[in-house]
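Worksheet for the structure shown next.
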Amino acid sequence: MCGICGILNKKEEKINFEILKKMNETLKRRGPDDEGFYIEDNIGLAMRRLSIIDLEGGKQPIFNEDKSICVIFNGEIYNFVELREELIKKGHFFKTKSDTEVIVHLYEEKGENFPEYLNGMFAIALWDKRKKKLILTRDIAGEKPLYYGDFNDFFIFASELKAILANPLIKREIDLKVLNLYFTLEYVPSPYSIIKNIKKLKPGHTLIYENEKIKIKPYFKFEKKKIEKKDLLDYLDEIISDSVKIRLRSDVPLGIFLSGGIDSSTVTYYARKHSDLVKTFNISFKEPSFDESRFAKKVAFYLKTEHFEEAFDENKMLEILPEVFDFLDEPFADASILPTYLLSKYTRNFVKVALGGDGGDELFGGYPTYFSHKIMEIYKFLPFYLKIFFSFIGKNLPVSYSNFSLDFVVKKFLEGEGFNIWKRHLVWMGAFSEEEKRKLFKDFLYPDSFFNLEEFVENTVSFYPKNLNDLLKFDFKTYLSEDVLFKVDRASMAASLEVRAPFLDKRIIEFAFSIDSDKKLKYFKTKVILKKLMKDRLPPEIIKRGKKGFGIPVAKWIKGPLKGEFMDIIEKEDEILNKKFVKKLFDEHIKGKKDNRKKLWTIYVFLKWKKNYINS
């Protein structure tokens, strides 16, 4: 696991080593163990390394035999052992036992199509000296980030935006259209970034820079494939088992994030199948409404793992806010990054690698939101007078400010009426409506900041969801990649911990999108096929329990410990946001008229980010 960055000068000028080194230094948390550089003529590559495989021999950059091909990469190639054996049979010579060296020789064998053969999480930069060709590629799910910018005099890339911003030639100018999108989604999706002229490479895509031209192409398509195996459960059992097995490959201590949900419990079950000793990690909270520790303990006892747990209170999450805002180089309003960071920091005290359950919800239908669409299909055919009645009840429910509160859920549901399925999904998952954003931005800025949501869908997912199966794919390419995996990557890397996601194995992804939606969602049951697979392998309570993520008391924080800071930061904002409208949202929340937690937290995060990365 590493951080990578690089510069390619277009005018054949030598690379400024001090600038490259400064960029690389910003990635130190991603790779505290080592650093490496490759500078020749007008190309400069750099990396920071978190040593996991072949601790001594796997130092990067890594070259082929005649040093005409150079690779730096962030991530893990889980099928590197099998690929290595095949490449040796074809005459390739290996100097190390690392997964990085496999990439070099695979490129020699397969050319630009080499990512198709990789099963892993990765952001790769490969320089072909003979052809003067730079290749960047990113894994299918988007576990590892990769930013880039194409300017008149140079091309630049890095694992994180902060590394690119460390280059003094980069202008720190907010892209207002992308900011508009952030206030809808609460995150910034690929291929966009919050800074003008900087982009993110989309997951499952390869960028080729050659002859001062950029070509971007997908190497993976979500095609429905015929599954040859007659018994789907047997096949799912086989691929999950092997996915976990190859992710247990490590030359350093390894553990598992265990929340007690079915996804992390499934990963733990298969890890125990392949290992006699498994360490599991969880954090608990004094607040019972968002504490899951009893479920984690039950699974740990049932599967006989060595379980580690540390108790925190919500004040601890408030304490680490400055740390989180320091490493968040793009605005990101998913508050669950706070407990994710706490868990990563705690786990890093014991191990260097952790497996997690990320991806299970998007692949197998774990979110209750999917059923809300079914309810809405019924609701929209109700008689007009009943709609008026339910709307009146919903709007007049007392504000409770609690996590998973009825008033918040009902009001959110009613906001989705009148939209098609994908726009409704964005309304339910996001913060601001289009109408609200017109009020949020200063009047003279809104024309420049307007973002057509159709443009976002076309550029990010390339199709318009029409049914539940489409929504799963939509969430996989947006919410999973740009929210869940962004959160896990930044939180774990800030703690110098590698996190692996067995559910995001290439074979499991292909399987999940090749089976019908009723194998995942049936009536009001979620993850049908996964629960069927694990029925007699986990405690019944774990199989039956519903989805519950990290709950953060944001609504209460805004009324309490963050109230003064929020008022102060709003008072100083005169550039982009309409202060009068923001104060109205704040007053409604404080006085108990509306629960505006999502809107206010999204604003708060943006202004904190802006202070750190734009106005600093």
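So you can find residues: chains in the structure tokens are A, B, ... in the order shown, residues in each start at 1, and ligands are numbered from 1 in order.
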Could you write out, as a CSV table (one decimal) with N, CA and C atoms, in the first residue's frame, all the residues of region 382-532 of chain A that DSSP marks as helix (DSSP H, G or I)?
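The result, stored in states_13.csv:
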chain,number,residue,atom,x,y,z
A,384,PHE,N,-55.7,11.4,-3.7
A,384,PHE,CA,-55.1,12.7,-3.4
A,384,PHE,C,-55.3,13.1,-1.9
A,385,TYR,N,-56.5,12.8,-1.4
A,385,TYR,CA,-56.8,13.2,0.0
A,385,TYR,C,-55.9,12.4,1.0
A,386,LEU,N,-55.5,11.2,0.7
A,386,LEU,CA,-54.6,10.4,1.5
A,386,LEU,C,-53.2,11.0,1.5
A,387,LYS,N,-52.8,11.4,0.3
A,387,LYS,CA,-51.5,12.0,0.2
A,387,LYS,C,-51.4,13.3,1.0
A,388,ILE,N,-52.5,14.1,0.9
A,388,ILE,CA,-52.6,15.3,1.7
A,388,ILE,C,-52.5,15.0,3.2
A,389,PHE,N,-53.2,14.0,3.6
A,389,PHE,CA,-53.2,13.6,5.0
A,389,PHE,C,-51.8,13.1,5.5
A,390,PHE,N,-51.1,12.2,4.7
A,390,PHE,CA,-49.8,11.8,5.1
A,390,PHE,C,-48.8,12.9,5.0
A,391,SER,N,-48.9,13.8,4.1
A,391,SER,CA,-48.0,14.9,4.0
A,391,SER,C,-48.1,15.8,5.2
A,392,PHE,N,-49.4,16.0,5.6
A,392,PHE,CA,-49.6,16.9,6.8
A,392,PHE,C,-49.0,16.2,8.0
A,393,ILE,N,-49.2,14.9,8.2
A,393,ILE,CA,-48.7,14.2,9.3
A,393,ILE,C,-47.1,14.3,9.3
A,394,GLY,N,-46.6,14.0,8.1
A,394,GLY,CA,-45.1,14.0,8.0
A,394,GLY,C,-44.5,15.3,8.3
A,395,LYS,N,-45.1,16.4,7.8
A,395,LYS,CA,-44.5,17.7,8.0
A,395,LYS,C,-44.6,18.2,9.5
A,406,LEU,N,-37.7,8.9,13.3
A,406,LEU,CA,-38.9,8.7,12.4
A,406,LEU,C,-39.2,10.0,11.6
A,407,ASP,N,-39.1,11.1,12.3
A,407,ASP,CA,-39.5,12.4,11.6
A,407,ASP,C,-38.5,12.7,10.5
A,408,PHE,N,-37.2,12.4,10.7
A,408,PHE,CA,-36.3,12.7,9.6
A,408,PHE,C,-36.5,11.8,8.4
A,409,VAL,N,-36.7,10.5,8.7
A,409,VAL,CA,-36.9,9.5,7.6
A,409,VAL,C,-38.2,9.8,6.8
A,410,VAL,N,-39.3,10.1,7.5
A,410,VAL,CA,-40.6,10.3,6.9
A,410,VAL,C,-40.5,11.6,6.0
A,411,LYS,N,-39.9,12.6,6.5
A,411,LYS,CA,-39.8,13.8,5.7
A,411,LYS,C,-38.9,13.7,4.5
A,412,LYS,N,-37.8,12.9,4.7
A,412,LYS,CA,-37.0,12.6,3.5
A,412,LYS,C,-37.7,11.8,2.5
A,413,PHE,N,-38.5,10.8,2.9
A,413,PHE,CA,-39.3,10.0,2.0
A,413,PHE,C,-40.2,10.9,1.2
A,414,LEU,N,-40.9,11.8,1.8
A,414,LEU,CA,-41.9,12.6,1.1
A,414,LEU,C,-41.2,13.6,0.1
A,415,GLU,N,-40.0,13.9,0.4
A,415,GLU,CA,-39.3,14.8,-0.5
A,415,GLU,C,-39.0,14.1,-1.9
A,421,ILE,N,-36.9,7.4,-10.8
A,421,ILE,CA,-36.2,6.5,-9.8
A,421,ILE,C,-34.8,7.0,-9.4
A,422,TRP,N,-34.0,7.5,-10.4
A,422,TRP,CA,-32.7,7.8,-10.1
A,422,TRP,C,-32.6,9.2,-9.4
A,423,LYS,N,-33.5,10.1,-9.8
A,423,LYS,CA,-33.5,11.5,-9.2
A,423,LYS,C,-34.0,11.4,-7.8
A,424,ARG,N,-35.0,10.5,-7.6
A,424,ARG,CA,-35.5,10.3,-6.3
A,424,ARG,C,-34.4,9.7,-5.4
A,425,HIS,N,-33.6,8.8,-5.9
A,425,HIS,CA,-32.5,8.2,-5.2
A,425,HIS,C,-31.5,9.3,-4.7
A,426,LEU,N,-31.2,10.2,-5.6
A,426,LEU,CA,-30.3,11.3,-5.2
A,426,LEU,C,-30.9,12.2,-4.2
A,427,VAL,N,-32.2,12.4,-4.2
A,427,VAL,CA,-32.9,13.3,-3.2
A,427,VAL,C,-32.8,12.6,-1.9
A,428,TRP,N,-33.1,11.3,-1.8
A,428,TRP,CA,-33.0,10.6,-0.5
A,428,TRP,C,-31.6,10.5,0.0
A,429,MET,N,-30.6,10.3,-0.8
A,429,MET,CA,-29.3,10.0,-0.4
A,429,MET,C,-28.5,11.4,-0.1
A,434,GLU,N,-32.3,21.0,-6.1
A,434,GLU,CA,-31.8,22.0,-7.1
A,434,GLU,C,-32.4,23.4,-6.7
A,435,GLU,N,-33.6,23.4,-6.2
A,435,GLU,CA,-34.2,24.7,-5.8
A,435,GLU,C,-33.5,25.3,-4.6
A,436,GLU,N,-33.1,24.4,-3.6
A,436,GLU,CA,-32.4,24.9,-2.5
A,436,GLU,C,-31.0,25.4,-2.8
A,437,LYS,N,-30.4,24.8,-3.8
A,437,LYS,CA,-29.0,25.2,-4.2
A,437,LYS,C,-29.1,26.6,-4.8
A,438,ARG,N,-30.1,27.0,-5.5
A,438,ARG,CA,-30.3,28.3,-6.0
A,438,ARG,C,-30.3,29.3,-4.9
A,439,LYS,N,-30.8,29.0,-3.8
A,439,LYS,CA,-30.8,29.9,-2.6
A,439,LYS,C,-29.5,29.8,-1.9
A,440,LEU,N,-28.8,28.7,-1.9
A,440,LEU,CA,-27.6,28.5,-1.2
A,440,LEU,C,-26.4,29.3,-1.8
A,446,TYR,N,-24.6,31.6,-9.2
A,446,TYR,CA,-25.4,30.4,-9.5
A,446,TYR,C,-25.4,30.0,-11.0
A,447,PRO,N,-25.5,31.0,-12.0
A,447,PRO,CA,-25.4,30.6,-13.4
A,447,PRO,C,-24.1,29.8,-13.7
A,448,ASP,N,-23.0,30.2,-13.1
A,448,ASP,CA,-21.7,29.6,-13.3
A,448,ASP,C,-21.6,28.2,-12.6
A,449,SER,N,-22.4,28.1,-11.6
A,449,SER,CA,-22.3,26.9,-10.8
A,449,SER,C,-23.3,25.8,-11.1
A,453,LEU,N,-27.9,17.5,-13.7
A,453,LEU,CA,-27.7,16.1,-13.1
A,453,LEU,C,-27.6,15.1,-14.1
A,454,GLU,N,-28.2,15.3,-15.3
A,454,GLU,CA,-28.1,14.3,-16.4
A,454,GLU,C,-26.6,14.3,-16.9
A,455,GLU,N,-26.0,15.4,-16.9
A,455,GLU,CA,-24.6,15.4,-17.3
A,455,GLU,C,-23.7,14.6,-16.3
A,456,PHE,N,-24.0,14.7,-15.0
A,456,PHE,CA,-23.3,13.9,-14.0
A,456,PHE,C,-23.5,12.4,-14.2
A,457,VAL,N,-24.8,12.0,-14.5
A,457,VAL,CA,-25.1,10.6,-14.7
A,457,VAL,C,-24.4,10.1,-15.9
A,458,GLU,N,-24.4,10.8,-17.0
A,458,GLU,CA,-23.8,10.4,-18.2
A,458,GLU,C,-22.3,10.3,-18.1
A,459,ASN,N,-21.6,11.2,-17.4
A,459,ASN,CA,-20.2,11.2,-17.3
A,459,ASN,C,-19.7,10.2,-16.2
A,460,THR,N,-20.5,9.9,-15.2
A,460,THR,CA,-20.1,9.1,-14.1
A,460,THR,C,-20.5,7.6,-14.3
A,468,LEU,N,-34.5,-1.6,-9.8
A,468,LEU,CA,-33.7,-1.8,-8.6
A,468,LEU,C,-32.3,-2.4,-8.9
A,469,ASN,N,-32.2,-3.3,-9.9
A,469,ASN,CA,-30.9,-3.8,-10.3
A,469,ASN,C,-30.0,-2.7,-10.9
A,470,ASP,N,-30.6,-1.8,-11.6
A,470,ASP,CA,-29.9,-0.6,-12.1
A,470,ASP,C,-29.4,0.3,-10.9
A,471,LEU,N,-30.2,0.4,-9.9
A,471,LEU,CA,-29.8,1.2,-8.8
A,471,LEU,C,-28.6,0.7,-8.0
A,472,LEU,N,-28.6,-0.7,-7.9
A,472,LEU,CA,-27.4,-1.3,-7.3
A,472,LEU,C,-26.2,-1.0,-8.1
A,473,LYS,N,-26.2,-1.0,-9.4
A,473,LYS,CA,-25.1,-0.7,-10.2
A,473,LYS,C,-24.8,0.8,-10.1
A,474,PHE,N,-25.8,1.6,-10.1
A,474,PHE,CA,-25.7,3.1,-9.9
A,474,PHE,C,-24.9,3.4,-8.6
A,475,ASP,N,-25.3,2.7,-7.5
A,475,ASP,CA,-24.7,3.0,-6.2
A,475,ASP,C,-23.2,2.4,-6.2
A,476,PHE,N,-23.0,1.3,-6.9
A,476,PHE,CA,-21.7,0.7,-7.0
A,476,PHE,C,-20.7,1.7,-7.7
A,477,LYS,N,-21.2,2.4,-8.7
A,477,LYS,CA,-20.3,3.3,-9.5
A,477,LYS,C,-20.3,4.7,-8.9
A,478,THR,N,-21.2,5.0,-7.9
A,478,THR,CA,-21.2,6.4,-7.4
A,478,THR,C,-20.9,6.3,-5.8
A,479,TYR,N,-22.0,5.9,-5.1
A,479,TYR,CA,-21.9,6.0,-3.6
A,479,TYR,C,-20.8,5.1,-3.1
A,480,LEU,N,-20.7,3.9,-3.6
A,480,LEU,CA,-19.6,3.0,-3.1
A,480,LEU,C,-18.2,3.5,-3.4
A,481,SER,N,-18.0,3.8,-4.6
A,481,SER,CA,-16.7,4.3,-5.1
A,481,SER,C,-16.3,5.6,-4.5
A,482,GLU,N,-17.2,6.6,-4.5
A,482,GLU,CA,-16.9,8.0,-4.2
A,482,GLU,C,-17.2,8.4,-2.7
A,483,ASP,N,-18.0,7.6,-2.0
A,483,ASP,CA,-18.3,7.9,-0.6
A,483,ASP,C,-17.6,6.8,0.3
A,484,VAL,N,-18.1,5.6,0.2
A,484,VAL,CA,-17.7,4.5,1.1
A,484,VAL,C,-16.2,4.2,1.0
A,485,LEU,N,-15.7,4.0,-0.3
A,485,LEU,CA,-14.3,3.7,-0.5
A,485,LEU,C,-13.4,4.9,-0.3
A,486,PHE,N,-13.9,6.1,-0.6
A,486,PHE,CA,-13.1,7.3,-0.3
A,486,PHE,C,-12.9,7.4,1.2
A,487,LYS,N,-14.0,7.2,1.9
A,487,LYS,CA,-13.9,7.2,3.4
A,487,LYS,C,-12.9,6.3,4.0
A,488,VAL,N,-13.0,5.0,3.5
A,488,VAL,CA,-12.2,4.0,4.1
A,488,VAL,C,-10.7,4.2,3.7
A,489,ASP,N,-10.5,4.6,2.4
A,489,ASP,CA,-9.1,4.9,2.0
A,489,ASP,C,-8.5,6.0,2.8
A,490,ARG,N,-9.2,7.2,2.9
A,490,ARG,CA,-8.6,8.3,3.6
A,490,ARG,C,-8.4,8.0,5.1
A,491,ALA,N,-9.4,7.4,5.7
A,491,ALA,CA,-9.3,7.2,7.1
A,491,ALA,C,-8.2,6.1,7.5
A,492,SER,N,-8.2,5.1,6.7
A,492,SER,CA,-7.2,4.0,7.0
A,492,SER,C,-5.8,4.5,6.6
A,493,MET,N,-5.6,5.2,5.5
A,493,MET,CA,-4.3,5.6,5.1
A,493,MET,C,-3.8,6.7,6.0
A,494,ALA,N,-4.7,7.5,6.6
A,494,ALA,CA,-4.2,8.5,7.6
A,494,ALA,C,-3.7,7.8,8.8
A,502,PRO,N,-12.7,-8.1,0.5
A,502,PRO,CA,-12.9,-9.3,-0.2
A,502,PRO,C,-14.2,-9.3,-1.1
A,503,PHE,N,-15.2,-8.6,-0.7
A,503,PHE,CA,-16.4,-8.5,-1.6
A,503,PHE,C,-16.2,-7.8,-2.9
A,504,LEU,N,-15.1,-7.1,-3.0
A,504,LEU,CA,-14.8,-6.4,-4.2
A,504,LEU,C,-13.8,-7.1,-5.1
A,506,LYS,N,-13.0,-9.2,-8.2
A,506,LYS,CA,-13.5,-9.2,-9.6
A,506,LYS,C,-14.5,-10.2,-9.9
A,507,ARG,N,-14.3,-11.4,-9.4
A,507,ARG,CA,-15.3,-12.5,-9.6
A,507,ARG,C,-16.6,-12.3,-8.9
A,508,ILE,N,-16.5,-11.8,-7.7
A,508,ILE,CA,-17.8,-11.5,-7.0
A,508,ILE,C,-18.6,-10.4,-7.6
A,509,ILE,N,-17.9,-9.4,-8.1
A,509,ILE,CA,-18.5,-8.3,-8.8
A,509,ILE,C,-19.3,-8.8,-10.0
A,510,GLU,N,-18.6,-9.6,-10.8
A,510,GLU,CA,-19.2,-10.1,-12.0
A,510,GLU,C,-20.4,-11.0,-11.7
A,511,PHE,N,-20.3,-11.8,-10.6
A,511,PHE,CA,-21.4,-12.7,-10.2
A,511,PHE,C,-22.6,-11.8,-9.8
A,512,ALA,N,-22.3,-10.8,-8.9
A,512,ALA,CA,-23.4,-10.0,-8.4
A,512,ALA,C,-24.3,-9.3,-9.5
A,517,SER,N,-32.2,-9.4,-9.7
A,517,SER,CA,-32.4,-8.6,-8.5
A,517,SER,C,-33.2,-9.4,-7.4
A,518,ASP,N,-34.1,-10.3,-7.8
A,518,ASP,CA,-34.9,-11.0,-6.8
A,518,ASP,C,-34.0,-12.0,-6.0
A,519,LYS,N,-32.8,-12.2,-6.4
A,519,LYS,CA,-31.9,-13.1,-5.7
A,519,LYS,C,-31.2,-12.2,-4.5
A,528,VAL,N,-30.7,-11.4,0.1
A,528,VAL,CA,-31.3,-12.7,0.2
A,528,VAL,C,-30.3,-13.9,0.0
A,529,ILE,N,-29.6,-13.8,-1.1
A,529,ILE,CA,-28.7,-14.9,-1.5
A,529,ILE,C,-27.5,-15.0,-0.5
A,530,LEU,N,-27.0,-13.9,0.0
A,530,LEU,CA,-25.9,-13.9,1.0
A,530,LEU,C,-26.4,-14.5,2.3
A,531,LYS,N,-27.6,-14.1,2.7
A,531,LYS,CA,-28.1,-14.6,4.0
A,531,LYS,C,-28.4,-16.1,3.9
A,532,LYS,N,-28.9,-16.5,2.7
A,532,LYS,CA,-29.1,-17.9,2.5
A,532,LYS,C,-27.8,-18.7,2.6
9 Å contact set for region 329-343 of chain A, only C-alpha atoms, chain neighbours under 6 positions out, as a PyMOL selection string: chain A and resi 160-162+179+182+185-188+193-195+257+281-283+310+312+316-318+320-321+483-484+486-488+490-492+494-495+549-552+554+598+601-610+612-613
Prev. selection, C-alpha atoms, output as a short mmCIF file (atom, residue, chain, number, x, y, z; two decimals), in the first residue's frame:
data_model
loop_
_atom_site.label_atom_id
_atom_site.label_comp_id
_atom_site.auth_asym_id
_atom_site.auth_seq_id
_atom_site.Cartn_x
_atom_site.Cartn_y
_atom_site.Cartn_z
CA GLU A 160 -4.38 12.44 -3.38
CA LEU A 161 -5.36 15.96 -4.34
CA LYS A 162 -3.12 17.44 -1.63
CA LEU A 179 -19.17 22.30 -5.75
CA TYR A 182 -21.07 18.20 -3.87
CA LEU A 185 -24.34 14.26 -3.22
CA GLU A 186 -22.25 15.19 -0.14
CA TYR A 187 -19.15 13.95 -1.98
CA VAL A 188 -17.26 14.70 -5.21
CA SER A 193 -12.48 17.06 -8.54
CA ILE A 194 -13.24 20.15 -6.48
CA ILE A 195 -10.26 22.03 -8.02
CA PHE A 257 -12.83 -5.06 10.98
CA PHE A 281 -11.32 -5.40 15.80
CA ASN A 282 -14.24 -3.22 16.81
CA ILE A 283 -14.87 0.03 18.64
CA GLU A 310 -11.91 -0.17 22.64
CA PHE A 312 -15.06 5.67 23.00
CA LYS A 316 -13.52 11.50 21.20
CA MET A 317 -14.98 11.94 17.71
CA LEU A 318 -15.16 15.68 18.27
CA ILE A 320 -10.30 14.13 16.17
CA LEU A 321 -12.26 16.51 13.91
CA ASP A 483 -18.26 7.86 -0.62
CA VAL A 484 -17.70 4.50 1.09
CA PHE A 486 -13.13 7.29 -0.33
CA LYS A 487 -13.93 7.25 3.40
CA VAL A 488 -12.16 3.96 4.06
CA ARG A 490 -8.57 8.29 3.57
CA ALA A 491 -9.31 7.15 7.14
CA SER A 492 -7.16 4.01 6.97
CA ALA A 494 -4.23 8.52 7.58
CA ALA A 495 -3.56 5.80 10.16
CA GLY A 549 -24.05 1.80 9.91
CA PHE A 550 -22.01 4.08 12.14
CA GLY A 551 -24.51 6.56 13.59
CA ILE A 552 -23.06 10.02 14.31
CA VAL A 554 -24.45 15.39 13.97
CA LYS A 598 -27.53 16.94 6.41
CA TRP A 601 -23.10 19.39 8.10
CA THR A 602 -22.48 19.54 4.34
CA ILE A 603 -22.03 23.31 4.60
CA TYR A 604 -19.82 23.02 7.70
CA VAL A 605 -17.51 20.47 6.06
CA PHE A 606 -17.16 22.58 2.92
CA LEU A 607 -16.27 25.73 4.86
CA LYS A 608 -13.74 23.86 7.02
CA TRP A 609 -12.17 22.37 3.87
CA LYS A 610 -12.13 25.79 2.19
CA ASN A 612 -7.70 24.57 5.17
CA TYR A 613 -7.04 24.20 1.44
#
Can you list, as a PyMOL selection string, all residues belonging to region 89-336 of chain A that DSSP tags as strand (DSSP E)? chain A and resi 120-128+133-138+147-150+154-158+199-200+205-210+213-218+254-257+279-285+306-312
Considering only C-alpha atoms, return as JSON, numbers by chain whatever protein or nucleic-acid residues lie within 12 Å of Pro561 (chain A), sequence-local ones (same chain, fewer than 3 positions apart) excluded. {"A": [314, 315, 317, 318, 319, 553, 554, 555, 556, 557, 558, 564, 565, 566, 567]}
Skipping near chain neighbours, those fewer than 6 positions away, what residues fall within 10 Å of His307 (chain A) using only C-alpha atoms, listed as a list in words?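 Result of the neighbour search: Gly255, Ile256, Leu258, Val278, Lys279, Thr280, Phe281, Asn282, Ala296, Lys297, Val299, Ala300 and Phe301 of chain A.
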Long-range neighbours of Leu201 (chain A) as a PyMOL selection string, 9 Å cut-off, only C-alpha atoms, 2 positions minimum in chain: chain A and resi 136-138+145-148+190-192+199+203-207+216
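The shell of residues at most 6 Å from region 38-47 of chain A, with only C-alpha atoms counted and near chain neighbours (fewer than 3 positions) removed, consists of Gly3, Ile4, Cys5, Gly6, Ile7, Leu8, Asn9, Glu12, Glu13, Lys14, Ile15 and Glu35 of chain A.
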For the selection just defined, write its residues with all heavy atoms to a file, as a short mmCIF file (atom, residue, chain, number, x, y, z; two decimals), in the first residue's frame.
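As written to disk, part16.cif reads:
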data_model
loop_
_atom_site.label_atom_id
_atom_site.label_comp_id
_atom_site.auth_asym_id
_atom_site.auth_seq_id
_atom_site.Cartn_x
_atom_site.Cartn_y
_atom_site.Cartn_z
N GLY A 3 1.48 5.61 -1.64
CA GLY A 3 0.98 6.80 -2.29
C GLY A 3 1.90 7.07 -3.45
O GLY A 3 3.12 6.89 -3.34
N ILE A 4 1.35 7.49 -4.59
CA ILE A 4 2.16 7.72 -5.78
C ILE A 4 1.90 9.11 -6.34
O ILE A 4 0.83 9.69 -6.12
CB ILE A 4 1.93 6.66 -6.87
CG1 ILE A 4 0.48 6.72 -7.39
CG2 ILE A 4 2.26 5.27 -6.36
CD1 ILE A 4 0.20 5.80 -8.57
N CYS A 5 2.90 9.65 -7.06
CA CYS A 5 2.71 10.92 -7.74
C CYS A 5 3.75 11.04 -8.85
O CYS A 5 4.73 10.28 -8.89
CB CYS A 5 2.83 12.10 -6.77
SG CYS A 5 4.40 12.24 -5.92
N GLY A 6 3.52 11.98 -9.77
CA GLY A 6 4.46 12.15 -10.86
C GLY A 6 4.19 13.39 -11.69
O GLY A 6 3.10 13.96 -11.65
N ILE A 7 5.22 13.79 -12.44
CA ILE A 7 5.13 14.94 -13.34
C ILE A 7 5.79 14.56 -14.66
O ILE A 7 6.87 13.96 -14.68
CB ILE A 7 5.86 16.17 -12.77
CG1 ILE A 7 5.38 16.51 -11.36
CG2 ILE A 7 5.67 17.38 -13.69
CD1 ILE A 7 6.23 17.57 -10.67
N LEU A 8 5.14 14.94 -15.75
CA LEU A 8 5.71 14.76 -17.08
C LEU A 8 5.75 16.13 -17.76
O LEU A 8 4.71 16.72 -18.05
CB LEU A 8 4.86 13.79 -17.91
CG LEU A 8 5.26 13.57 -19.37
CD1 LEU A 8 6.64 12.94 -19.46
CD2 LEU A 8 4.25 12.70 -20.09
N ASN A 9 6.95 16.65 -17.95
CA ASN A 9 7.10 17.94 -18.62
C ASN A 9 6.96 17.78 -20.13
O ASN A 9 7.58 16.90 -20.72
CB ASN A 9 8.45 18.57 -18.28
CG ASN A 9 8.47 19.19 -16.89
OD1 ASN A 9 7.43 19.55 -16.36
ND2 ASN A 9 9.65 19.29 -16.30
N GLU A 12 10.27 18.84 -22.68
CA GLU A 12 11.53 18.12 -22.51
C GLU A 12 12.44 18.76 -21.47
O GLU A 12 13.65 18.55 -21.46
CB GLU A 12 12.28 18.01 -23.85
CG GLU A 12 11.51 17.30 -24.95
CD GLU A 12 11.18 15.85 -24.61
OE1 GLU A 12 12.04 15.18 -24.00
OE2 GLU A 12 10.07 15.40 -24.94
N GLU A 13 11.83 19.56 -20.57
CA GLU A 13 12.62 20.16 -19.50
C GLU A 13 12.81 19.18 -18.36
O GLU A 13 11.96 18.34 -18.11
CB GLU A 13 11.93 21.43 -18.98
CG GLU A 13 11.84 22.54 -20.00
CD GLU A 13 11.05 23.74 -19.48
OE1 GLU A 13 10.50 23.63 -18.36
OE2 GLU A 13 10.98 24.75 -20.18
N LYS A 14 13.94 19.31 -17.66
CA LYS A 14 14.21 18.41 -16.54
C LYS A 14 13.23 18.66 -15.40
O LYS A 14 12.77 19.78 -15.19
CB LYS A 14 15.65 18.61 -16.05
CG LYS A 14 16.70 18.02 -16.99
CD LYS A 14 18.08 18.08 -16.36
CE LYS A 14 19.10 17.41 -17.29
NZ LYS A 14 20.47 17.44 -16.71
N ILE A 15 12.92 17.60 -14.68
CA ILE A 15 11.98 17.68 -13.56
C ILE A 15 12.62 18.40 -12.38
O ILE A 15 13.80 18.18 -12.06
CB ILE A 15 11.55 16.26 -13.12
CG1 ILE A 15 10.76 15.57 -14.23
CG2 ILE A 15 10.73 16.30 -11.84
CD1 ILE A 15 9.47 16.25 -14.61
N GLU A 35 10.50 5.58 0.71
CA GLU A 35 10.15 6.40 -0.43
C GLU A 35 11.05 6.03 -1.61
O GLU A 35 12.14 5.48 -1.43
CB GLU A 35 10.28 7.89 -0.11
CG GLU A 35 11.69 8.37 0.18
CD GLU A 35 11.75 9.87 0.44
OE1 GLU A 35 10.75 10.56 0.17
OE2 GLU A 35 12.80 10.34 0.89
#
Selected residue of minimal separation from Gly111 (chain A) among A:Lys304, A:Lys28, A:Ser433, A:Ile208, counting only C-alpha atoms: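 Among the listed residues, A:Ile208 lies closest to Gly111 (chain A).
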Using only C-alpha atoms, which of A:Thr100, A:Leu118, A:Glu82, A:Phe441 sits nearest Lys579 (chain A)? A:Phe441
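Here CA of Glu306 (chain A) and CA of Asp361 (chain A) stand 26.0 Å from one another.
Around region 16-19 of chain A, within 7 Å and counting only C-alpha atoms, the residues found are Lys22, Met23 and Asn167 of chain A, once anything fewer than 3 positions away on its own chain is removed.
Between CA of Glu498 (chain A) and CA of Gly31 (chain A) the separation is 9.9 Å.
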What separation in Å, quoted to one decimal, exists between CA of Phe325 (chain A) and CA of Phe73 (chain A)?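 It comes out at 25.8 Å.
Closest approach to Glu417 (chain A) from the set A:Asp595, A:Asp66, A:Glu287, A:Glu377 is made by A:Glu377, with distances taken over only C-alpha atoms.
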With distances taken over only C-alpha atoms, which of A:Tyr235, A:Phe364, A:Phe155, A:Phe463 is nearest to Tyr209 (chain A)?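 When distances to Tyr209 (chain A) are compared using only C-alpha atoms, the smallest one comes from A:Phe155.
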Closest to His373 (chain A) among A:Pro61, A:Gly91, A:Gly416, A:Gly149, using only C-alpha atoms?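 Ranked by minimum distance to His373 (chain A), first place goes to A:Gly416.
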